[in-house]
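The file target_22.txt comes next; it holds compact mmCIF, C-alpha atoms and all ligand atoms.
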```
# COMPACT_ATOMS: atom_id res chain seq x y z
CA MET Z 766 36.11 -65.83 -36.02
CA TYR Z 767 38.88 -64.97 -33.54
CA ASP Z 768 39.01 -61.25 -34.34
CA GLU Z 769 39.32 -58.12 -32.21
CA THR Z 770 35.57 -58.02 -31.49
CA LEU Z 771 35.55 -61.59 -30.24
CA LYS Z 772 38.65 -60.98 -28.13
CA LEU Z 773 37.01 -57.97 -26.49
CA LEU Z 774 33.70 -59.78 -25.83
CA ARG Z 775 35.52 -62.83 -24.47
CA LYS Z 776 37.50 -60.59 -22.12
CA LEU Z 777 34.32 -58.86 -20.98
CA ALA Z 778 32.51 -62.16 -20.39
CA HIS Z 779 35.54 -63.49 -18.56
CA SER Z 780 35.67 -60.59 -16.11
CA ALA Z 781 31.89 -60.84 -15.64
CA LEU Z 782 32.24 -64.50 -14.67
CA ARG Z 783 35.12 -63.72 -12.33
CA HIS Z 784 33.01 -61.08 -10.62
CA PHE Z 785 29.63 -62.85 -10.46
CA ALA Z 786 30.36 -66.56 -10.72
CA THR Z 787 33.19 -67.39 -8.37
CA GLY Z 788 33.67 -67.83 -4.65
CA GLU Z 789 31.14 -66.22 -2.39
CA ALA Z 790 28.98 -64.82 -5.19
CA LEU Z 791 28.44 -68.26 -6.73
CA GLN Z 792 27.94 -69.88 -3.35
CA LYS Z 793 25.26 -67.34 -2.47
CA LEU Z 794 23.41 -67.90 -5.73
CA PHE Z 795 23.53 -71.65 -5.21
CA SER Z 796 22.37 -71.49 -1.57
CA THR Z 797 19.36 -69.36 -2.42
CA THR Z 798 18.32 -71.69 -5.25
CA VAL Z 799 18.59 -74.93 -3.26
CA PRO Z 800 15.36 -74.49 -1.19
CA LYS Z 801 13.39 -74.04 -4.39
CA LEU Z 802 14.86 -77.21 -5.80
CA GLU Z 803 14.13 -79.11 -2.59
CA VAL Z 804 10.44 -78.26 -2.97
CA GLU Z 805 10.44 -79.47 -6.58
CA VAL Z 806 12.24 -82.73 -5.70
CA ALA Z 807 9.81 -83.35 -2.80
CA LYS Z 808 6.91 -83.25 -5.28
CA THR Z 809 8.39 -86.29 -7.04
CA ALA Z 810 8.52 -88.47 -3.87
CA GLY Z 811 7.59 -92.09 -4.58
CA LYS Z 812 7.19 -91.44 -8.30
CA PRO Z 813 9.50 -92.15 -11.22
CA VAL Z 814 11.08 -88.89 -12.36
CA ASP Z 815 13.18 -87.72 -15.29
CA PRO Z 816 15.62 -85.47 -13.38
CA LYS Z 817 16.59 -83.30 -16.35
CA ASP Z 818 13.99 -80.59 -15.69
CA LEU Z 819 15.02 -80.41 -12.03
CA ILE Z 820 18.64 -79.91 -12.98
CA SER Z 821 17.86 -77.22 -15.55
CA LEU Z 822 15.57 -75.51 -13.04
CA LEU Z 823 18.50 -75.14 -10.69
CA LEU Z 824 20.92 -74.01 -13.38
CA TYR Z 825 18.50 -71.73 -15.15
CA ASN Z 826 17.66 -69.96 -11.91
CA THR Z 827 21.29 -69.61 -10.95
CA PHE Z 828 22.36 -68.20 -14.33
CA SER Z 829 19.27 -65.95 -14.68
CA GLU Z 830 20.07 -64.33 -11.39
CA MET Z 831 23.72 -63.99 -12.35
CA CYS Z 832 22.97 -62.46 -15.77
CA PHE Z 833 19.72 -60.55 -15.20
CA GLY Z 834 19.45 -60.25 -11.44
CA LYS Z 835 16.17 -62.14 -11.25
CA ARG Z 836 14.66 -65.57 -11.08
CA PHE Z 837 11.82 -66.87 -13.23
CA ASP Z 838 9.01 -69.32 -12.80
CA MET Z 839 10.05 -72.42 -14.74
CA HIS Z 840 6.56 -72.79 -16.10
CA ASP Z 841 6.54 -69.25 -17.50
CA PRO Z 842 5.99 -69.72 -21.28
CA LYS Z 843 8.65 -67.12 -22.08
CA VAL Z 844 11.23 -69.02 -20.05
CA LEU Z 845 10.26 -72.23 -21.81
CA GLN Z 846 10.63 -70.52 -25.16
CA SER Z 847 14.08 -69.19 -24.27
CA MET Z 848 15.16 -72.65 -23.13
CA LYS Z 849 13.91 -74.04 -26.42
CA LEU Z 850 15.97 -71.45 -28.30
CA ILE Z 851 19.11 -72.48 -26.45
CA ASP Z 852 18.36 -76.17 -26.85
CA GLU Z 853 17.71 -75.92 -30.58
CA LEU Z 854 20.79 -73.82 -31.20
CA GLY Z 855 22.87 -76.37 -29.30
CA GLN Z 856 21.34 -79.29 -31.19
CA ASN Z 857 21.69 -77.70 -34.61
CA ILE Z 858 24.99 -75.89 -34.34
CA GLY Z 859 26.62 -78.87 -32.61
CA LEU Z 860 29.75 -79.65 -34.55
CA GLY Z 861 29.37 -76.59 -36.73
CA LEU Z 862 28.24 -76.13 -40.31
CA PRO Z 863 29.79 -77.43 -43.54
CA GLU Z 864 31.09 -73.94 -44.36
CA ASP Z 865 33.21 -74.00 -41.20
CA VAL Z 866 35.35 -76.55 -43.02
CA PHE Z 867 35.05 -75.36 -46.66
CA SER Z 868 33.78 -71.78 -46.85
CA ILE Z 869 32.43 -72.31 -50.41
CA LEU Z 870 29.80 -74.65 -48.91
CA ARG Z 871 27.93 -71.64 -47.52
CA TYR Z 872 26.26 -71.38 -50.95
CA VAL Z 873 24.98 -74.96 -50.86
CA PRO Z 874 21.49 -75.29 -49.36
CA TYR Z 875 21.61 -76.93 -45.93
CA LYS Z 876 18.56 -77.60 -43.79
CA LYS Z 877 20.25 -76.99 -40.41
CA ARG Z 878 21.35 -73.53 -41.53
CA ASP Z 879 17.71 -72.63 -42.25
CA ILE Z 880 16.61 -74.03 -38.89
CA ILE Z 881 19.25 -71.91 -37.14
CA ARG Z 882 18.12 -68.77 -39.01
CA GLU Z 883 14.54 -69.41 -37.93
CA THR Z 884 15.47 -70.30 -34.35
CA ILE Z 885 17.42 -67.13 -33.70
CA LYS Z 886 14.36 -65.05 -34.44
CA ASN Z 887 12.87 -66.37 -31.14
CA LYS Z 888 14.98 -64.28 -28.86
CA GLU Z 889 12.21 -62.12 -27.30
CA PHE Z 890 12.87 -63.34 -23.78
CA PHE Z 891 16.45 -62.09 -23.89
CA MET Z 892 15.45 -58.88 -25.71
CA GLU Z 893 12.93 -58.19 -22.95
CA GLN Z 894 15.48 -58.62 -20.14
CA ILE Z 895 17.88 -56.38 -21.97
CA GLY Z 896 15.20 -53.75 -22.62
CA ASP Z 897 14.29 -53.73 -18.90
CA HIS Z 898 17.93 -53.32 -17.98
CA LYS Z 899 18.51 -50.47 -20.40
CA ASP Z 900 15.40 -48.66 -19.11
CA THR Z 901 16.48 -48.81 -15.49
CA HIS Z 902 20.29 -48.81 -15.73
CA ILE Z 903 22.09 -46.27 -13.57
CA GLN Z 904 25.63 -45.49 -14.64
CA GLY Z 905 28.14 -47.60 -12.71
CA GLU Z 906 25.50 -50.11 -11.51
CA MET Z 907 27.05 -53.56 -11.07
CA THR Z 908 24.25 -55.73 -9.71
CA ASP Z 909 24.36 -58.37 -12.45
CA ILE Z 910 26.27 -59.34 -15.58
CA PHE Z 911 24.10 -57.37 -17.96
CA HIS Z 912 24.48 -54.16 -15.95
CA MET Z 913 28.22 -54.77 -16.08
CA PHE Z 914 28.00 -55.09 -19.87
CA LEU Z 915 26.06 -51.83 -20.08
CA ASN Z 916 28.78 -50.09 -18.07
CA ALA Z 917 31.34 -51.29 -20.61
CA GLN Z 918 29.13 -50.01 -23.43
CA GLU Z 919 28.76 -46.61 -21.76
CA LYS Z 920 32.50 -46.38 -21.18
CA ALA Z 921 33.14 -47.19 -24.86
CA MET Z 922 30.72 -44.44 -25.85
CA ALA Z 923 32.25 -41.90 -23.48
CA GLU Z 924 35.74 -42.68 -24.74
CA ASP Z 925 34.60 -43.03 -28.35
CA ASN Z 926 36.48 -46.32 -28.48
CA ASN Z 927 35.28 -49.85 -29.41
CA MET Z 928 31.65 -48.72 -29.71
CA GLU Z 929 31.06 -50.82 -32.83
CA LYS Z 930 32.28 -53.91 -30.94
CA LEU Z 931 29.89 -53.40 -28.03
CA SER Z 932 26.59 -52.82 -29.83
CA ASP Z 933 23.32 -54.01 -28.25
CA GLU Z 934 23.34 -56.95 -30.68
CA HIS Z 935 26.87 -57.98 -29.58
CA LEU Z 936 25.91 -57.81 -25.90
CA LEU Z 937 22.68 -59.72 -26.54
CA TRP Z 938 24.49 -62.59 -28.29
CA THR Z 939 27.25 -62.69 -25.70
CA ILE Z 940 24.61 -63.26 -23.02
CA ILE Z 941 22.77 -65.87 -25.12
CA ASP Z 942 26.11 -67.64 -25.74
CA MET Z 943 26.91 -67.67 -22.05
CA PHE Z 944 23.48 -69.03 -21.20
CA GLY Z 945 23.67 -71.70 -23.88
CA ALA Z 946 27.25 -72.73 -23.20
CA SER Z 947 26.72 -73.01 -19.47
CA ILE Z 948 23.26 -74.46 -18.91
CA GLN Z 949 23.24 -77.19 -21.53
CA THR Z 950 26.71 -78.53 -20.79
CA SER Z 951 26.24 -78.49 -17.03
CA THR Z 952 22.74 -80.01 -17.25
CA GLU Z 953 23.90 -82.85 -19.49
CA THR Z 954 26.88 -83.56 -17.22
CA ILE Z 955 24.77 -83.77 -14.05
CA TYR Z 956 22.20 -85.84 -15.98
CA TRP Z 957 24.99 -88.33 -16.75
CA ALA Z 958 26.20 -88.17 -13.14
CA LEU Z 959 22.82 -89.14 -11.68
CA ALA Z 960 22.43 -91.97 -14.21
CA LEU Z 961 25.90 -93.30 -13.37
CA MET Z 962 25.31 -93.03 -9.62
CA THR Z 963 22.11 -95.07 -10.05
CA GLU Z 964 23.95 -97.64 -12.17
CA HIS Z 965 26.87 -97.88 -9.69
CA PRO Z 966 25.36 -97.85 -6.18
CA GLU Z 967 28.62 -99.05 -4.61
CA ILE Z 968 30.45 -95.96 -5.93
CA ALA Z 969 27.53 -93.74 -4.90
CA ASP Z 970 27.63 -95.15 -1.34
CA ARG Z 971 31.34 -94.43 -1.09
CA VAL Z 972 30.78 -90.83 -2.27
CA ARG Z 973 27.98 -90.40 0.30
CA LYS Z 974 30.06 -91.84 3.10
CA GLU Z 975 32.88 -89.42 2.34
CA ILE Z 976 30.43 -86.50 2.26
CA ASP Z 977 28.82 -87.63 5.55
CA ASP Z 978 32.23 -87.95 7.23
CA VAL Z 979 33.70 -84.67 6.00
CA ILE Z 980 30.81 -82.28 5.30
CA GLY Z 981 28.04 -83.89 7.32
CA ARG Z 982 24.35 -83.30 6.73
CA ASP Z 983 23.77 -80.06 8.60
CA ARG Z 984 25.00 -77.63 5.97
CA ILE Z 985 25.06 -77.57 2.20
CA PRO Z 986 28.40 -78.26 0.47
CA VAL Z 987 30.60 -75.25 -0.23
CA ILE Z 988 33.28 -74.73 -2.87
CA GLU Z 989 36.07 -74.93 -0.26
CA ASP Z 990 35.02 -78.56 0.46
CA ARG Z 991 36.42 -79.66 -2.89
CA ARG Z 992 39.91 -80.55 -1.66
CA SER Z 993 38.54 -82.39 1.39
CA VAL Z 994 36.42 -84.92 -0.50
CA PRO Z 995 38.82 -86.39 -3.08
CA TYR Z 996 36.70 -89.43 -3.87
CA ALA Z 997 33.65 -87.27 -4.70
CA GLU Z 998 35.76 -84.96 -6.84
CA ALA Z 999 37.46 -87.85 -8.62
CA THR Z 1000 34.01 -89.32 -9.29
CA LEU Z 1001 32.89 -86.07 -10.89
CA TYR Z 1002 36.01 -85.92 -13.08
CA GLU Z 1003 35.35 -89.50 -14.08
CA VAL Z 1004 31.79 -88.47 -15.07
CA LEU Z 1005 33.33 -85.78 -17.31
CA ARG Z 1006 35.69 -88.31 -18.89
CA TYR Z 1007 33.27 -91.19 -19.25
CA ALA Z 1008 30.38 -89.04 -20.51
CA SER Z 1009 32.58 -86.92 -22.83
CA ILE Z 1010 29.49 -84.90 -23.71
CA ALA Z 1011 31.55 -82.91 -26.24
CA PRO Z 1012 33.46 -85.78 -27.90
CA VAL Z 1013 34.88 -83.58 -30.63
CA LEU Z 1014 35.29 -79.89 -29.92
CA LEU Z 1015 34.12 -76.88 -31.88
CA PRO Z 1016 35.84 -76.23 -35.20
CA HIS Z 1017 38.84 -73.91 -34.81
CA ALA Z 1018 41.36 -72.51 -37.30
CA THR Z 1019 45.15 -72.50 -37.08
CA THR Z 1020 46.54 -69.00 -36.60
CA CYS Z 1021 49.91 -69.79 -38.26
CA ASP Z 1022 51.57 -72.48 -40.40
CA THR Z 1023 52.43 -75.46 -38.23
CA THR Z 1024 53.32 -79.16 -38.30
CA LEU Z 1025 51.84 -82.00 -36.32
CA ARG Z 1026 53.58 -85.38 -36.33
CA GLY Z 1027 55.18 -84.49 -39.65
CA HIS Z 1028 51.96 -83.24 -41.27
CA VAL Z 1029 52.11 -79.67 -42.53
CA ILE Z 1030 49.04 -77.66 -41.52
CA PRO Z 1031 48.85 -74.26 -43.20
CA LYS Z 1032 47.56 -71.14 -41.44
CA GLY Z 1033 43.76 -70.85 -41.61
CA THR Z 1034 43.10 -74.62 -41.75
CA THR Z 1035 40.01 -75.77 -39.85
CA VAL Z 1036 41.00 -78.19 -37.12
CA ILE Z 1037 38.71 -80.20 -34.87
CA MET Z 1038 40.03 -81.81 -31.70
CA ASN Z 1039 38.95 -85.37 -30.96
CA VAL Z 1040 38.85 -85.48 -27.16
CA TYR Z 1041 36.87 -88.70 -27.16
CA SER Z 1042 39.95 -90.54 -28.43
CA MET Z 1043 41.98 -88.98 -25.61
CA HIS Z 1044 39.39 -89.83 -22.96
CA PHE Z 1045 39.19 -93.48 -24.03
CA ASP Z 1046 42.85 -94.04 -24.91
CA PRO Z 1047 43.93 -97.39 -23.39
CA ARG Z 1048 47.53 -96.14 -23.23
CA GLU Z 1049 46.48 -93.40 -20.84
CA TRP Z 1050 43.71 -94.98 -18.75
CA LYS Z 1051 43.76 -98.29 -16.87
CA ASP Z 1052 40.23 -99.30 -17.79
CA PRO Z 1053 38.85 -96.66 -20.18
CA GLU Z 1054 35.66 -98.48 -21.12
CA ASN Z 1055 34.52 -98.69 -17.51
CA PHE Z 1056 33.35 -96.03 -15.08
CA CYS Z 1057 36.07 -95.96 -12.47
CA PRO Z 1058 36.75 -92.91 -10.20
CA GLU Z 1059 40.18 -94.37 -9.39
CA HIS Z 1060 41.31 -93.05 -12.79
CA PHE Z 1061 41.52 -89.67 -11.08
CA LEU Z 1062 43.05 -90.70 -7.78
CA ALA Z 1063 46.80 -90.64 -7.26
CA GLU Z 1064 48.42 -93.34 -5.13
CA ASN Z 1065 48.54 -91.00 -2.13
CA GLY Z 1066 44.75 -90.51 -2.36
CA THR Z 1067 44.84 -86.99 -3.82
CA VAL Z 1068 42.95 -85.99 -6.96
CA ARG Z 1069 44.76 -86.06 -10.33
CA ASP Z 1070 43.59 -82.66 -11.55
CA HIS Z 1071 45.23 -82.55 -14.95
CA PRO Z 1072 45.91 -85.98 -16.39
CA PRO Z 1073 47.55 -85.43 -19.79
CA SER Z 1074 44.75 -87.11 -21.69
CA PHE Z 1075 41.82 -85.18 -20.19
CA LEU Z 1076 40.36 -82.09 -21.87
CA PRO Z 1077 36.59 -81.95 -21.24
CA PHE Z 1078 36.67 -78.14 -21.44
CA GLY Z 1079 38.93 -77.90 -24.49
CA ALA Z 1080 42.10 -75.83 -24.35
CA GLY Z 1081 43.79 -72.72 -25.62
CA ARG Z 1082 42.46 -69.33 -26.60
CA ARG Z 1083 39.07 -70.70 -27.55
CA GLY Z 1084 38.83 -73.19 -24.70
CA CYS Z 1085 35.82 -73.10 -22.39
CA LEU Z 1086 35.42 -69.70 -20.83
CA GLY Z 1087 33.50 -71.15 -17.93
CA GLU Z 1088 35.83 -74.01 -16.93
CA ALA Z 1089 36.39 -72.76 -13.38
CA VAL Z 1090 32.71 -71.86 -12.92
CA GLY Z 1091 31.64 -75.15 -14.50
CA LYS Z 1092 33.82 -77.22 -12.17
CA ALA Z 1093 32.62 -75.30 -9.11
CA ILE Z 1094 28.94 -75.50 -9.98
CA LEU Z 1095 29.11 -79.18 -10.92
CA PHE Z 1096 30.74 -79.89 -7.59
CA LEU Z 1097 28.08 -77.98 -5.62
CA ILE Z 1098 25.14 -79.61 -7.41
CA PHE Z 1099 26.59 -83.13 -7.46
CA THR Z 1100 27.61 -83.20 -3.80
CA TRP Z 1101 24.31 -81.62 -2.73
CA PHE Z 1102 22.32 -84.32 -4.55
CA MET Z 1103 24.51 -87.05 -3.07
CA GLN Z 1104 24.34 -85.58 0.42
CA ASN Z 1105 20.55 -85.49 0.44
CA TYR Z 1106 19.23 -88.27 -1.81
CA THR Z 1107 19.74 -91.81 -2.97
CA PHE Z 1108 18.74 -92.94 -6.44
CA SER Z 1109 17.27 -96.22 -7.57
CA LYS Z 1110 15.87 -97.70 -10.72
CA VAL Z 1111 12.14 -97.63 -11.29
CA PRO Z 1112 10.62 -100.84 -9.81
CA GLY Z 1113 10.10 -103.38 -12.57
CA LYS Z 1114 12.72 -101.72 -14.81
CA GLU Z 1115 15.84 -102.75 -12.92
CA SER Z 1116 17.42 -104.44 -15.94
CA GLU Z 1117 17.09 -101.38 -18.21
CA SER Z 1118 20.26 -99.37 -18.74
CA LEU Z 1119 20.17 -95.65 -17.97
CA THR Z 1120 23.17 -94.78 -20.10
CA ASN Z 1121 21.86 -95.39 -23.60
CA MET Z 1122 22.90 -92.57 -25.88
CA ILE Z 1123 20.92 -90.74 -28.50
CA THR Z 1124 22.51 -91.62 -31.79
CA LYS Z 1125 22.93 -89.10 -34.60
CA VAL Z 1126 22.88 -86.00 -32.44
CA ASN Z 1127 25.78 -83.93 -33.58
CA ALA Z 1128 25.59 -81.83 -30.42
CA GLY Z 1129 27.36 -84.50 -28.40
CA ARG Z 1130 27.00 -87.70 -26.41
CA LEU Z 1131 23.56 -87.12 -24.95
CA LEU Z 1132 21.60 -89.65 -22.95
CA VAL Z 1133 18.25 -91.03 -24.01
CA PRO Z 1134 15.75 -89.58 -21.50
CA TYR Z 1135 15.46 -91.83 -18.46
CA GLU Z 1136 13.48 -92.03 -15.22
CA ILE Z 1137 14.71 -92.89 -11.74
CA MET Z 1138 13.39 -92.84 -8.17
CA ILE Z 1139 14.87 -90.03 -6.08
CA ASN Z 1140 14.68 -90.98 -2.40
CA LYS Z 1141 15.25 -88.49 0.42
CA ARG Z 1142 17.92 -89.84 2.79
CA GLU Z 1143 16.82 -90.58 6.35
C1 LIG S 1201 30.06 -79.14 -17.52
C2 LIG S 1201 30.32 -77.92 -17.83
C3 LIG S 1201 30.97 -77.48 -19.11
C4 LIG S 1201 31.62 -78.20 -20.10
C5 LIG S 1201 31.84 -79.70 -20.16
C6 LIG S 1201 32.04 -77.25 -21.10
C7 LIG S 1201 32.74 -77.58 -22.24
C8 LIG S 1201 33.10 -76.68 -23.23
C9 LIG S 1201 33.80 -77.03 -24.42
C10 LIG S 1201 34.28 -78.44 -24.77
C11 LIG S 1201 33.94 -75.90 -25.16
C12 LIG S 1201 34.63 -75.80 -26.52
C13 LIG S 1201 36.11 -75.62 -26.32
C14 LIG S 1201 36.92 -75.79 -27.58
O1 LIG S 1201 36.35 -75.94 -28.67
O2 LIG S 1201 38.16 -75.78 -27.46
C15 LIG S 1201 33.31 -74.81 -24.43
C16 LIG S 1201 33.25 -73.52 -24.86
C17 LIG S 1201 32.67 -72.51 -24.14
N1 LIG S 1201 32.16 -72.59 -22.87
FE1 LIG S 1201 32.02 -74.24 -21.75
N2 LIG S 1201 31.66 -76.00 -20.71
C18 LIG S 1201 31.01 -76.08 -19.51
C19 LIG S 1201 30.49 -75.06 -18.75
C20 LIG S 1201 30.52 -73.74 -19.11
C21 LIG S 1201 30.04 -72.64 -18.28
C22 LIG S 1201 29.49 -72.81 -16.87
C23 LIG S 1201 30.20 -71.49 -19.03
C24 LIG S 1201 29.88 -70.06 -18.70
C25 LIG S 1201 29.44 -69.62 -17.60
C26 LIG S 1201 30.79 -71.87 -20.30
C27 LIG S 1201 31.10 -70.99 -21.31
C28 LIG S 1201 31.70 -71.34 -22.51
C29 LIG S 1201 31.92 -70.40 -23.61
C30 LIG S 1201 31.52 -68.92 -23.62
C31 LIG S 1201 32.53 -71.13 -24.63
C32 LIG S 1201 32.95 -70.61 -26.00
C33 LIG S 1201 34.37 -70.07 -25.93
C34 LIG S 1201 34.82 -69.50 -27.26
O3 LIG S 1201 34.27 -69.89 -28.29
O4 LIG S 1201 35.76 -68.68 -27.25
N3 LIG S 1201 30.97 -73.23 -20.31
N4 LIG S 1201 32.83 -75.31 -23.25
```

Just dump the structure as structure tokens.
Amino acid sequence: MYDETLKLLRKLAHSALRHFATGEALQKLFSTTVPKLEVEVAKTAGKPVDPKDLISLLLYNTFSEMCFGKRFDMHDPKVLQSMKLIDELGQNIGLGLPEDVFSILRYVPYKKRDIIRETIKNKEFFMEQIGDHKDTHIQGEMTDIFHMFLNAQEKAMAEDNNMEKLSDEHLLWTIIDMFGASIQTSTETIYWALALMTEHPEIADRVRKEIDDVIGRDRIPVIEDRRSVPYAEATLYEVLRYASIAPVLLPHATTCDTTLRGHVIPKGTTVIMNVYSMHFDPREWKDPENFCPEHFLAENGTVRDHPPSFLPFGAGRRGCLGEAVGKAILFLIFTWFMQNYTFSKVPGKESESLTNMITKVNAGRLLVPYEIMINKRE
């Protein structure tokens, strides 16, 4: 519900992301995570690998450090349990619950609602991080997002203002939301990107050539490179369009009476945006059914940042809070993979498609797990 509590928490999360997840701060987190990932990728040399765990390793480490100031061993059972919590919430909340559309339906038994209730009991990992932070927090400390949240809580207490909106439970779920919203979406997008780069080696070669010419191989990509490698950036945008991992957005409600193409929509009506239809609209895209980075290149070779029919991060007051962070982190991970590796199909399985989608998952357009060969570039 878009009430005063949500507005305050959204504002808090937004300033936390601005402080910890942009520019130099994000670049530093990424650079310190890369060596760890290199070691993990090297272990897969010559073997077929499902890259999803590698991608989440990178993202989980980056966001853990951002939120809690520490990294975790990916094989730590508590980390695995927390990832399961996020995964299951994502899978089961997906497009929302029936009561989001008709509130009376909250009284009708629904299996997914029960699964969600059970799943959210498994939040020990996050409770533990928060407990550690509260035990050691020094007033004014700003070393990670949770310390920043605790400062806001302390300020509310001191000023006797907004305390009920910044309870431990609110802060806990804001962090879990940020984890869930960032890691799953970014992982699935990069998972699509690597599948598409394996399926379209000619496009992948062109991306690599541009990276070699502009960035070279002696340093890792940085956020400022974005404008200098338009083909790579256009390819990433095309991944976001073609994958459309969130084909219909979260349910929202109109905040006032309105009309759309002559239809009256009263205040409080649940509305769900169909971005898939925008992303595959033949009136807006030259060849919507095919993967084609040129969709995002203007005639003068620059990137079309905001084509009118492109909303992978939603829009408006409830649009993605992490759009800027998401775009930056996708760019860093994608260009780093392309700079350092080539991808090929598993020998003997060349005719199998890597872009089959799981049907009946209401969380989005997710790929059936696949394996590829990741080859270190000479
Ligand atoms: C590939 C990356 C990402 C994609 C495709 C993506 C997409 C989306 C979409 C489609 C929504 C729903 C918008 C709507 O219903 O209008 C959303 C919401 C949200 N996203 Fe993202 N996102 C990404 C990355 C991130 C990151 C990195 C963060 C945080 C660090 C983040 C935080 C959020 C939050 C907190 C919301 C809920 C906003 C609210 O309900 O008010 N996202 N995202």

So which residues are near ligand LIG 1201 (chain S), meaning at most 6 Å away with only C-alpha atoms and all ligand atoms counted, given back as an MDAnalysis selection string? chainID Z and resid 942:943 946:947 950:951 954 1011 1014:1015 1077:1080 1083:1088 1090:1091

Filtering to C-alpha atoms, could you give me those residues as a PDB file, keeping the file's coordinate frame?
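New file part.pdb:
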```
ATOM      1  CA  ASP Z 942      26.110 -67.640 -25.740  1.00  0.00           C
ATOM      2  CA  MET Z 943      26.910 -67.670 -22.050  1.00  0.00           C
ATOM      3  CA  ALA Z 946      27.250 -72.730 -23.200  1.00  0.00           C
ATOM      4  CA  SER Z 947      26.720 -73.010 -19.470  1.00  0.00           C
ATOM      5  CA  THR Z 950      26.710 -78.530 -20.790  1.00  0.00           C
ATOM      6  CA  SER Z 951      26.240 -78.490 -17.030  1.00  0.00           C
ATOM      7  CA  THR Z 954      26.880 -83.560 -17.220  1.00  0.00           C
ATOM      8  CA  ALA Z1011      31.550 -82.910 -26.240  1.00  0.00           C
ATOM      9  CA  LEU Z1014      35.290 -79.890 -29.920  1.00  0.00           C
ATOM     10  CA  LEU Z1015      34.120 -76.880 -31.880  1.00  0.00           C
ATOM     11  CA  PRO Z1077      36.590 -81.950 -21.240  1.00  0.00           C
ATOM     12  CA  PHE Z1078      36.670 -78.140 -21.440  1.00  0.00           C
ATOM     13  CA  GLY Z1079      38.930 -77.900 -24.490  1.00  0.00           C
ATOM     14  CA  ALA Z1080      42.100 -75.830 -24.350  1.00  0.00           C
ATOM     15  CA  ARG Z1083      39.070 -70.700 -27.550  1.00  0.00           C
ATOM     16  CA  GLY Z1084      38.830 -73.190 -24.700  1.00  0.00           C
ATOM     17  CA  CYS Z1085      35.820 -73.100 -22.390  1.00  0.00           C
ATOM     18  CA  LEU Z1086      35.420 -69.700 -20.830  1.00  0.00           C
ATOM     19  CA  GLY Z1087      33.500 -71.150 -17.930  1.00  0.00           C
ATOM     20  CA  GLU Z1088      35.830 -74.010 -16.930  1.00  0.00           C
ATOM     21  CA  VAL Z1090      32.710 -71.860 -12.920  1.00  0.00           C
ATOM     22  CA  GLY Z1091      31.640 -75.150 -14.500  1.00  0.00           C
TER      23      GLY Z1091
END
```

I want to know what sits within 12 Å of Ile903 (chain Z), based on all atoms listed in the file, with residues of the same chain fewer than 3 positions away left out; could you give that as a PDB file with C-alpha atoms, in the coordinates of the input?
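Contents of the output file selection-v2.pdb:
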```
ATOM      1  CA  HIS Z 898      17.930 -53.320 -17.980  1.00  0.00           C
ATOM      2  CA  LYS Z 899      18.510 -50.470 -20.400  1.00  0.00           C
ATOM      3  CA  ASP Z 900      15.400 -48.660 -19.110  1.00  0.00           C
ATOM      4  CA  GLU Z 906      25.500 -50.110 -11.510  1.00  0.00           C
ATOM      5  CA  MET Z 907      27.050 -53.560 -11.070  1.00  0.00           C
ATOM      6  CA  THR Z 908      24.250 -55.730  -9.710  1.00  0.00           C
ATOM      7  CA  HIS Z 912      24.480 -54.160 -15.950  1.00  0.00           C
ATOM      8  CA  MET Z 913      28.220 -54.770 -16.080  1.00  0.00           C
ATOM      9  CA  LEU Z 915      26.060 -51.830 -20.080  1.00  0.00           C
ATOM     10  CA  ASN Z 916      28.780 -50.090 -18.070  1.00  0.00           C
ATOM     11  CA  GLU Z 919      28.760 -46.610 -21.760  1.00  0.00           C
TER      12      GLU Z 919
END
```

May I ask which of the residues Z:Leu931, Z:Leu1095, Z:Leu845, Z:Val806 is the closest one to Leu771 (chain Z), counting all atoms listed in the file? Z:Leu931

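The gap separating CA of Phe1102 (chain Z) from CA of Lys812 (chain Z) is 17.1 Å, in Å to one decimal.
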
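Among Z:Ala1018, Z:Leu961, Z:Leu1119, Z:Val987, the residue with the shortest atom-to-atom distance to Tyr767 (chain Z), counting all atoms listed in the file, is Z:Ala1018.
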
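In this structure, CA of Met831 (chain Z) sits 15.5 Å away from CA of Val844 (chain Z).
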
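What separates CA of Val1013 (chain Z) from CA of Glu1059 (chain Z) is a distance of 24.4 Å.
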
Of the candidates Z:Asn1065, Z:Asn826, Z:Thr797, Z:Asn857, which one gets nearest to Ile985 (chain Z) if we count all atoms listed in the file? Z:Thr797

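With only C-alpha atoms as the atoms that count, the residue of Z:Gly896, Z:Val1029, Z:His840, Z:Lys1141 with the shortest distance to Asp818 (chain Z) is Z:His840.
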
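Using only C-alpha atoms, the smallest distance between any of Z:Ser847, Z:Glu964, Z:Ala923, Z:Ser1074 and Lys886 (chain Z) comes from Z:Ser847.
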
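Distances to Ile881 (chain Z) were evaluated for Z:Pro986, Z:Gly855, Z:Gly1033, Z:Pro1134 using all atoms listed in the file, and the minimum falls at Z:Gly855.
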
7 Å contact set for Met1043 (chain Z), only C-alpha atoms, chain neighbours under 3 positions out, as a count of residues only: 4

Here's a test: counting all atoms listed in the file, identify every protein, DNA and RNA residue with an atom at most 12 Å from (27.4, -92.7, -11.7) in the file's coordinate frame, and state them as JSON, numbers by chain. {"Z": [954, 955, 956, 957, 958, 959, 960, 961, 962, 963, 964, 965, 966, 967, 968, 969, 970, 971, 972, 997, 999, 1000, 1001, 1002, 1003, 1004, 1005, 1006, 1007, 1008, 1055, 1056, 1057, 1058, 1099, 1103, 1107, 1108, 1109, 1119, 1120]}
